[in-house]
Amino acid sequence: MTERQLAFVFDLNKCLGCQTCTISCKTLWTDQPGMEYMWWNIVNTMPGRGTPRDRDQMGGGFDAEGRAQAGVLPSAKDFGEAWDFNYDEVFYEGKGQSAHLHPRSPSANGKDEAPEWGPNWDEDQGAGDYPNSYYFYLPTICMHCTDPACLAACPRQAISKREEDGIVLIDEDRCDGYRFCMEACPYKRIYFNPDRFISQKCVMCFARLEQGVAPACVRQCPGRVRHFGYLDDEESDIFKLVKTWKVAIPLHPEFGTQPNVYYVPPLAPPRFDENGEIDEENPRIPMDYLRSLFGPAVDQSLATLKLEMEKTRQGEKSELTDILIAYKWQNMFIPFVEDPGELSRPAPKS
Amino acid sequence: MRVGRVDTRDEELLSPESTAWQEAAVNEVVLSPTPLELQPTDYIRVSRNGRPYGAVSSMRVSALHNGDSVFFHLVWQDDSEDRAIKDINQFVDGAAVMFPIVEDAPLIGMGIQGKPVNVWMWRADWERPKNVAAEGMGTTQRRDDPALSSAVRHADGNWDLIVGRSLEERDAPPGTIALAPGAASKIGFAVWQGSEQERAGLKAFSPAWQDLELDA
Amino acid sequence: MTEAGLLLHALAEKKGGGSESYGSWEDLYRGKWTWDRVVKGTCNRADCIAACSLDLFVKDGIVWREEQNAIYDQTNEAVPDFNPRGCQKGICYSDLMYDASRIKYPLRRVGERGSGKWERISWDEALTEISDKVLDVCKEDGPESIIYDFGTTNIDFGPGTPAEQQLTRLIGTTSLDEWAGVGDLPMGAIQTWGLFNADGTSDDWFNADTILVWLGNPVYTRVPDVHFMFEARYKGAEVVTIAPDYNATVVHSDLWVNPRVGTDAALALAMCNVIVEEGLQKDRYVQEQTDLPFLVREDAGRFLRQSDIAKDGKDDVFYVWDLATKSLQEAPGTMGQPDASLDLGDLDPAMEGDFEVELLDGRKVTVRPAFLALKKRLDEYTPERAAEITGVAASTIRRLARRVAESPATLIFCSWGACKHYHMDLVQRSIILLLALTGNTGKRGAGMRIGAWWNMSLSYDKAGVGALAAAGAPAERPKVRDLENLMKTLMKANSSISPTMPFLYKHDKGYAKLVDTPGYHDPDLKRPISEYMQEAFDKDWMPVYPRDGKSPRVFLYTGMNPLRRWPAPDAIRENLWANFELIVTWDFRMSSSGMYSDIILPAAGWHEKSGVKFTQSYVPYICVGEQAVEPLYESKNEFDIMAKLAATLERRAKEREEAPYKDVFGNEHDPTDIARLWSLDGEFGEGDAEKALDVQFELSDPVGDATWAEAAEKGAVRVTSTGGYGPITAITNEVEEGETLYPFAWFVRDKESWPTLTGRQQFYIDHPWFLEAGEELPTHKEAPPAGGDYPLRMTGGHTRWSIHAIWRSNRTLLRLQRGEPVMYISTQDAAARGLDDHDLALVHNDVGGFKVRVKLAPSVQPGQVVMYHAWEPYQFEQWSGQQAVNPSPLKPLHLVGDYVQLSYRFALAQPSNISRAMTVELTKVE
Ligand code: SF4
Ligand code: SF4
Ligand code: SF4
């Protein structure tokens with residue numbers, strides 16, 4: 001345990017799958033060569049294979065005894081390559097309708113190979129049988145774990161967890177590109193930069209935090225999904241959602257790393273029975289599926305949420321739903337409420 | 001291992017095809033995997049348990065110097081030539097020549113706190129080898145060293161590598177072994193197989209230091 | 001990697017590794033998050049109806065990234081605030097502006113249209129060529145043969161679009177009215193209310209107790225605002241999504257109702273049935289606000305009019321049976337009544353009963369309230385019957401109906417989705433009926449919401465607008481119905497604006513042939529479609545220019561994308577398009593239509609010019625964008641392009657010694673004076689875009705006293721007034737500080753007449769064509785099999801990933817999709833056709849076909865395939881895009897032009913581009 005820990009709560013009942021968070025991180029940190037395929041923040045449709053594909057089957061993390069677990073090192077195709085497009089051929093090369101704009105796999109050496117996977121390939125597909133179909137959106141970033149498997153796996157001690165806020169960082173000067181961290185991270189949130197031969201991942205926007213500004217993906221989320229703050233700050237949304245109300249729970253607690261991104265698990269409309277009538281008895285999203293993602297705590301979390309929502313339906317007040325509504329957006333990420341547009345940050349002189 | 005003295009220019013010694021090497025004595029160096037229990041992190045130990053590495057079992061080594069520079073010629077079998085990674089889950093081949101800086105610096109684990117070793121490390125995707133100072137696994141300090149040079153070819157399923165360094169001590173990075181005509185030291189070797197995802201401590205190495213003598 | 005990131009990287013490399021100055025890797029991150037300036041921007045000219053203010057971080061002369069400018073104040077403590085409005089598209093415009101689709105220089109086609117063979121020419125050369133052609137055509141055929149199409153994709157609320165309109169007005173061109181051309185015209189709302197869109201601020205959605213999302217998918221389309229719905233849910237509201245597929249909005253709903261594609265009217269009418277059967281309707285509201293108490297003649301099926309029973313009686317005075325006095329009484333507030341008030345006073349109009357009246361000729365006829373006719377109609381829609389039609393269980397229909405009736409405030413989020421269906425008017429009328437019976441229209445947190453605009457001035461001509469305002473400024477707010485009448489009269493007399501779909505019908509043989517296909521239409525219409533069309537043209541219901549046998553010859557368009565949007569583009573390309581002698585566009589990115597054009601002028605990107613964003617009422621702010629960097633390459637902003645074009649026209653006219661010419665209305669146009677006139681006597685020229693904005697702000701009520709400069713400084717200014725009722729403004733309520741805004745208070749709270757024949761929300765339309773079609777009252781009709789006899793219905797919807805085609809070709813966003821167009825298909829239908837995920841399929845019908853990858857989804861209703869909006873045709877093989885199967889069979893009833901709310905003006909009553917529920921089949925491409 002570090003002295004303090006910054007944490008996130010993502011409310012899946014407000015997430016739009018819009019990937020604004022994804023783009024906000026891309027344009028801020030991963031806009032450089034070698035980072036084309038990186039999405040430190042990604043939102044997946046679930047049930048789905050995740051990013052990288054089948055990540056939940058890729059191992060890593062710790063077992064119940066705290067023993068490290070072997071993991072798979074994903075390929076770029078697993079993450080989803082950054083496809084190229086034939087703009088000039090279509091627009092300017094005089095080929096008329098014989099050339100159409102389409103993606104090409106960058107690893108196919110100029111061959112016209114159609115991609116077969118991408119970071120958001122299974123968007124909005126989901127599972128179930130119509131009309132009992134279901135899906136929801138699951139954003140993931142580095143979980144800044146209390147017991148980071150990445151840190152433990154690195155033979156160069158290039159990964160550290162900061163005492164003052166629990167941010168897990170890869171020292172890019174020390175990193176040798178061994179990628180044990182990528183294998184060991186059970187959430188598969190570390191990417192490899194082949195141009196710089198180092199591993200990279202979410203840095204929790206530490207440079208912004210230093211200026212009192214919330215992370216980009218938090219501040220730029222139009223769904224108002226992301227609460228952020230210190231886990232020990234009893235006034236924070238984070239503390240109340242995680243500790244007091246216990247509706248925000250970790251993803252795959254069995255991975256053993258004690259992640260610091262917590263989720264308000266998804267509700268769904270009732271399913272239909274064989275006659276097409278509303279069936280309130282059985283949940284649309286099978287509970288077993290949710291337990292496979294969030295562990296057994298999901299039952300209590302959903303029960304609490306439903307109870308509080310029932311209260312507000314009856315016209316009563318609920319502290320829990322008031323927090324989730326987030327009447328005042330800035331309260332979602334106290335104390336990081338500075339407005340970046342108001343800051344002056346000239347580039348340091350070379 | 002004796003390092004014969006020849007009167008051949010650096011450029012020529014830096015060529016694996018050079019006739020100078022045909023005369024040089026060949027030493028057969030036995031390699032074995034770095035023991036699993038010595039791997040630095042639990043993760044590596046667990047993940048490579050039952051997944052062999054360090055399969056290159058031997059290496060042919062010759063050594064020559066010309067008074068100005070010393071060269072080691074390493075030949076080992078490797079059917080896959082991994083010069084560059086085409087995907088992020090790939091690794092490149094590599095090899096290293098290692099020297100103890102203090103007499104009893106352990107070879108296994110690349111030295112230990114207070115007992116450093118010096119490594120001249122070659123990696124198939126690097127333009128030139130790097131000079132590495134280490135006091136145990138995970139402590140390596142890797143530096144560019146203009147005095148280091150290498151030449152390599154991959155032929156008939158073998159890597160054929162020459163690593164050399166000028167004997168000049170001026171401007172040498174800290175922790176560089178001091179070698180001179182007539183001097184003696186010790187030497188060790190290591191090989192990384194990219195195709196087996198070998199990197200860091202996942203390698204084949206020569207388990208014990210060998211004596212090294214430079215002809216006067 | 002982003003385009004801006006690469007540029008900055010290259011710059012740093014050139015400077016010699018900017019990173020070396022940093023001490024540690026951490027400093028590298030700190031150093032990366034730096035900038036030279038922050039400028040307030042927005043998705044300036046995107047036809048996105050969410051106006052989001054953005055901070056643009058400018059570094060080394062490059063717009064590096066956007067971040068939402070989260071400055072919106074909470075309206076009051078009881079509703080969440082608006083922050084941080086924006087979406088993934090807006091925050092990567094900086095990527096789009098630098099990407100490979102960017103138009104850099106004026107281009108002239110050198111091969112066939114669509115060949116992709118271009119030569120770079122100078123601005124001067126391009127504008128001279130355009131001017132010469134324009135002058136030729138004005139002289140030979142009159143200016144109406146020049147067609148100007150302003151949108152909607154690339155449009156602003158100043159100064160670009162006003163500058164364009166100023167010039168095209170001076171030339172005298174025909175302007176296309178694309179409102180219905182893009183399929184966004186809610187005809188059912190127009191038929192019922194006499195006006196179209198309706199909304200207030202999006203935080204008012206939070207006040208709803210029940211929210212029905214019906215024919216919309218706000219999780220895709222309203223990214224910045226939809227949170228209010230899900231927050232309302234936490235507050236205790238029930239969110240119900242009605243959609244055939246388990247779409248992204250259903251994900252966060254309390255209830256999903258999944259009718260078969262195109263059966264929504266039956267569902268709504270069945271809910272009405274339950275409400276009426278169970279006596280749940282709000283009687284007084286219905287008596288006052290609707291035409292349902294109006295007496296209808298049993299013999300003719302038409303309203304009893306004053307002209308039926310009194311000599312010199314009016315056609316627009318109607319009757320109710322007053323229960324208080326047991327007598328026939330004129331209904332107040334109808335079009336024929338001098339007082340536009342719905343106030344019933346002591347009247348107690350009967351809702352039921354048979355009454356006898358004597359006609360002028362002495363005949364006695366039975367009259368009865370329209371409500372009785374409605375009840376009879378609703379009898380056809382018992383929940384059980386509707387269950388058969390819709391597939392929705394009768395129990396669900398009852399539950400939902402009761403919820404709507406009992407809920408203090410029911411809000412129906414409708415979007416423009418319905419507008420793209422053949423019988424969309426029936427759907428909308430049915431939904432509005434549901435809301436009227438339950439008293440939900442014109443209430444806080446309630447009613448049907450389709451969007452509305454703040455009435456910003458669309459002109460910077462102070463003399464023109466100022467004079468009009470001064471002359472007409474009444475002490476009291478003018479009545480909506482009077483304004484509507486005035487607008488219709490003025491436009492008819494002096495405007496060559498032409499509704500797009502009738503324009504296409506008239507000027508494109510290929511499209512006309514498709515429309516005339518008998519099988520694609522409502523079988524209740526017994527005459528051939530061409531006869532309805534002819535009648536509409538003969539009676540001038542649909543003013544289409546050029547006329548008198550003249551043809552369109554020049555096409556000027558502003559970067560919207562007609563060959564992406566218009567139906568059956570392959571047919572149109574061979575007819576109307578081929579007949580254009582010159583096709584010119586100004587755009588910042590290469591569109592499919594651009595590829596088929598003759599001259600492309602490079603327009604500045606959004607962050608390269610100043611302007612006002614679409615002033616939609618969702619957010620109570622006027623959002624603006626200030627120029628952050630110089631226009632890239634040789635591009636220019638639209639204001640400057642128009643200034644240059646006006647100057648070139650004048651120069652060429654003088655050089656050619658052109659005489660003045662006349663337009664069809666007899667107005668004279670002098671091309672040798674056009675630059676002076678455009679410039680408002682030298683007031684405005686190149687480089688004066690911001691000066692024009694100054695004036696526009698001065699002339700605009702919604703911004704109060706705020707100036708352009710103040711707006712540009714903050715990025716947005718809070719509105720202080722709706723700006724009143726204008727041609728596309730339908731808020732009809734006042735802005736009150738500290739209150740959310742909902743529409744229609746003027747009609748419901750203040751009891752002002754609606755701009756309809758009956759002065760009410762009119763559910764009974766007694767026009768002969770409506771009676772002929774059996775649509776005098778809302779009813780359900782199956783969509784005709786437009787496309788032919790094929791088993792699947794192709795639906796669609798706006799996409800999460802683009803606003804129209806603007807971002808469709810963007811590399812960064814494509815990487816988060818499948819990189820190319822996809823069609824969603826149910827797992828069952830895919831299996832039946834041997835289709836696996838990502839297989840290539842040929843989608844085809846009698847109209848045409850296109851190839852597309854399929855995406856198998858259990859969320860899609862069997863029988864339905866979903867093709868989301870606006871892929872560029874050039875993203876499909878042979879550039880045959882999703883419109884290739886669309887015959888867009890315009891609905892003849894929408895041609896009616898002699899019935900108050902159904903008479904045409906810009907953006908009102910006209911046929912629409914019908915692009916949903918085409919019949920298609922899919923075949924696997926091996
Ligand atoms: S977390 Fe926020 S920004 Fe990201 S997808 Fe969900 S709603 Fe969009
Ligand atoms: S999520 Fe992965 S990368 Fe992040 S701290 Fe945990 S183990 Fe490390
Ligand atoms: S916290 Fe910052 S670095 Fe991490 S995912 Fe969010 S935006 Fe990216």
# chains A, B, ... in the order shown; residues from 1 in each chain; ligands from 1
$ residues_near_ligand --ligand "ligand 2" --cutoff "7 Å" --atoms "only C-alpha atoms and all ligand atoms" --output "MDAnalysis selection string"
chainID A and resid 61 142:145 148:151 168 181 184:190 201 257 259
$ residues_near_ligand --ligand "ligand 1" --cutoff "6 Å" --atoms "only C-alpha atoms and all ligand atoms" --output "ChimeraX atom specification"
/A:15-21,43,139,221-223,225
$ write_last_selection --atoms "N, CA and C atoms" --output "PDB file, in the first residue's frame"
ATOM      1  N   CYS A  15     -22.041   5.092 -19.536  1.00  0.00           N
ATOM      2  CA  CYS A  15     -21.036   5.072 -20.604  1.00  0.00           C
ATOM      3  C   CYS A  15     -21.695   4.884 -21.960  1.00  0.00           C
ATOM      4  N   LEU A  16     -21.308   5.729 -22.890  1.00  0.00           N
ATOM      5  CA  LEU A  16     -21.927   5.773 -24.212  1.00  0.00           C
ATOM      6  C   LEU A  16     -21.143   4.990 -25.250  1.00  0.00           C
ATOM      7  N   GLY A  17     -19.985   4.488 -24.872  1.00  0.00           N
ATOM      8  CA  GLY A  17     -19.166   3.817 -25.878  1.00  0.00           C
ATOM      9  C   GLY A  17     -18.678   4.763 -26.952  1.00  0.00           C
ATOM     10  N   CYS A  18     -18.612   6.033 -26.629  1.00  0.00           N
ATOM     11  CA  CYS A  18     -18.314   7.038 -27.659  1.00  0.00           C
ATOM     12  C   CYS A  18     -16.827   7.161 -27.947  1.00  0.00           C
ATOM     13  N   GLN A  19     -15.995   6.652 -27.073  1.00  0.00           N
ATOM     14  CA  GLN A  19     -14.538   6.695 -27.246  1.00  0.00           C
ATOM     15  C   GLN A  19     -13.986   8.122 -27.249  1.00  0.00           C
ATOM     16  N   THR A  20     -14.704   9.045 -26.673  1.00  0.00           N
ATOM     17  CA  THR A  20     -14.126  10.387 -26.541  1.00  0.00           C
ATOM     18  C   THR A  20     -12.916  10.318 -25.609  1.00  0.00           C
ATOM     19  N   CYS A  21     -13.038   9.502 -24.589  1.00  0.00           N
ATOM     20  CA  CYS A  21     -11.918   9.273 -23.674  1.00  0.00           C
ATOM     21  C   CYS A  21     -10.721   8.731 -24.453  1.00  0.00           C
ATOM     22  N   VAL A  43     -12.409   1.489 -25.057  1.00  0.00           N
ATOM     23  CA  VAL A  43     -13.734   1.102 -24.594  1.00  0.00           C
ATOM     24  C   VAL A  43     -14.185  -0.085 -25.431  1.00  0.00           C
ATOM     25  N   PRO A 139     -15.011   0.630 -20.467  1.00  0.00           N
ATOM     26  CA  PRO A 139     -13.757   1.346 -20.711  1.00  0.00           C
ATOM     27  C   PRO A 139     -12.661   0.792 -19.803  1.00  0.00           C
ATOM     28  N   CYS A 221     -14.809  13.251 -20.792  1.00  0.00           N
ATOM     29  CA  CYS A 221     -15.869  12.245 -20.966  1.00  0.00           C
ATOM     30  C   CYS A 221     -17.243  12.902 -21.000  1.00  0.00           C
ATOM     31  N   PRO A 222     -17.884  12.951 -22.170  1.00  0.00           N
ATOM     32  CA  PRO A 222     -19.173  13.637 -22.251  1.00  0.00           C
ATOM     33  C   PRO A 222     -20.302  12.859 -21.583  1.00  0.00           C
ATOM     34  N   GLY A 223     -20.066  11.566 -21.335  1.00  0.00           N
ATOM     35  CA  GLY A 223     -21.087  10.799 -20.637  1.00  0.00           C
ATOM     36  C   GLY A 223     -21.079  11.067 -19.145  1.00  0.00           C
ATOM     37  N   VAL A 225     -19.058   9.923 -16.939  1.00  0.00           N
ATOM     38  CA  VAL A 225     -18.963   8.573 -16.420  1.00  0.00           C
ATOM     39  C   VAL A 225     -17.899   8.464 -15.332  1.00  0.00           C
TER      40      VAL A 225
END
$ closest_atom_pairs --of "region 218-288 of chain A" --to "region 298-313 of chain A" --cutoff "7 Å" --atoms "only C-alpha atoms" --output "CSV"
residue,atom,partner,partner_atom,distance
A:Lys246,CA,A:Ser301,CA,6.3
A:Val247,CA,A:Ser301,CA,4.3
A:Pro265,CA,A:Leu302,CA,6.8
$ residues_around --residues "Pro103 (chain A)" --least-positions-apart "6" --cutoff "8 Å" --atoms "only C-alpha atoms" --output "list in words"
Trp83, Asp84, Phe85, Asn86, Ala114 and Pro115 of chain A; Gly819 and Glu820 of chain C
$ write_last_selection --atoms "N, CA and C atoms" --output "CSV table (one decimal), in the first residue's frame"
chain,number,residue,atom,x,y,z
A,83,TRP,N,-4.2,0.6,-39.3
A,83,TRP,CA,-4.3,0.4,-40.7
A,83,TRP,C,-3.9,1.7,-41.5
A,84,ASP,N,-3.3,1.5,-42.6
A,84,ASP,CA,-3.1,2.6,-43.6
A,84,ASP,C,-4.3,2.6,-44.5
A,85,PHE,N,-4.4,3.8,-45.2
A,85,PHE,CA,-5.4,3.9,-46.2
A,85,PHE,C,-4.9,4.5,-47.5
A,86,ASN,N,-5.5,4.2,-48.6
A,86,ASN,CA,-5.0,4.6,-49.9
A,86,ASN,C,-5.6,5.9,-50.4
A,114,ALA,N,-6.5,-7.2,-46.2
A,114,ALA,CA,-7.6,-6.7,-45.5
A,114,ALA,C,-7.5,-7.0,-44.0
A,115,PRO,N,-7.7,-6.0,-43.1
A,115,PRO,CA,-7.6,-6.3,-41.7
A,115,PRO,C,-8.6,-7.3,-41.2
C,819,GLY,N,-12.6,0.1,-40.4
C,819,GLY,CA,-11.8,0.7,-41.5
C,819,GLY,C,-12.6,0.8,-42.8
C,820,GLU,N,-13.8,0.3,-42.8
C,820,GLU,CA,-14.5,0.4,-44.1
C,820,GLU,C,-16.0,0.2,-43.7
$ select_by_dssp --residues "region 10-170 of chain B" --states "alpha helix (DSSP H)" --output "JSON, numbers by chain"
{"B": [10, 11, 12, 13, 20, 21, 22, 23, 42, 43, 44, 45, 46, 47, 48]}
$ residues_near_ligand --ligand "ligand 3" --cutoff "6 Å" --atoms "only C-alpha atoms and all ligand atoms" --output "compact mmCIF listing (two decimals) with N, CA, C and O atoms, in the first residue's frame"
# COMPACT_ATOMS: atom_id res chain seq x y z
N CYS A 25 -7.04 10.76 -24.98
CA CYS A 25 -5.73 10.24 -24.59
C CYS A 25 -4.82 10.13 -25.81
O CYS A 25 -3.64 10.47 -25.75
N TRP A 40 -4.17 3.78 -24.97
CA TRP A 40 -4.01 3.55 -23.53
C TRP A 40 -5.35 3.44 -22.85
O TRP A 40 -5.52 2.74 -21.87
N ASN A 41 -6.30 4.19 -23.38
CA ASN A 41 -7.68 4.06 -22.94
C ASN A 41 -8.44 3.42 -24.09
O ASN A 41 -8.28 3.85 -25.24
N ILE A 141 -8.39 1.34 -18.71
CA ILE A 141 -7.09 2.00 -18.78
C ILE A 141 -6.17 1.20 -17.86
O ILE A 141 -6.61 0.19 -17.31
N CYS A 202 -0.74 4.04 -19.92
CA CYS A 202 -1.36 5.18 -19.25
C CYS A 202 -0.46 5.71 -18.14
O CYS A 202 0.03 4.96 -17.31
N VAL A 203 -0.28 7.01 -18.14
CA VAL A 203 0.55 7.64 -17.10
C VAL A 203 -0.31 8.41 -16.10
O VAL A 203 0.19 9.23 -15.35
N MET A 204 -1.57 8.15 -16.15
CA MET A 204 -2.55 8.86 -15.31
C MET A 204 -2.40 10.37 -15.46
O MET A 204 -2.69 11.13 -14.54
N CYS A 205 -1.97 10.75 -16.64
CA CYS A 205 -1.84 12.19 -16.91
C CYS A 205 -1.14 12.91 -15.76
O CYS A 205 -1.60 13.97 -15.32
N PRO A 215 -7.25 14.07 -15.25
CA PRO A 215 -6.80 13.39 -16.47
C PRO A 215 -7.70 13.72 -17.66
O PRO A 215 -8.89 14.00 -17.50
N ALA A 216 -7.11 13.67 -18.84
CA ALA A 216 -7.86 14.02 -20.04
C ALA A 216 -9.10 13.15 -20.20
O ALA A 216 -10.19 13.64 -20.50
N CYS A 217 -8.93 11.85 -20.00
CA CYS A 217 -10.06 10.96 -20.24
C CYS A 217 -11.18 11.19 -19.22
O CYS A 217 -12.33 10.89 -19.49
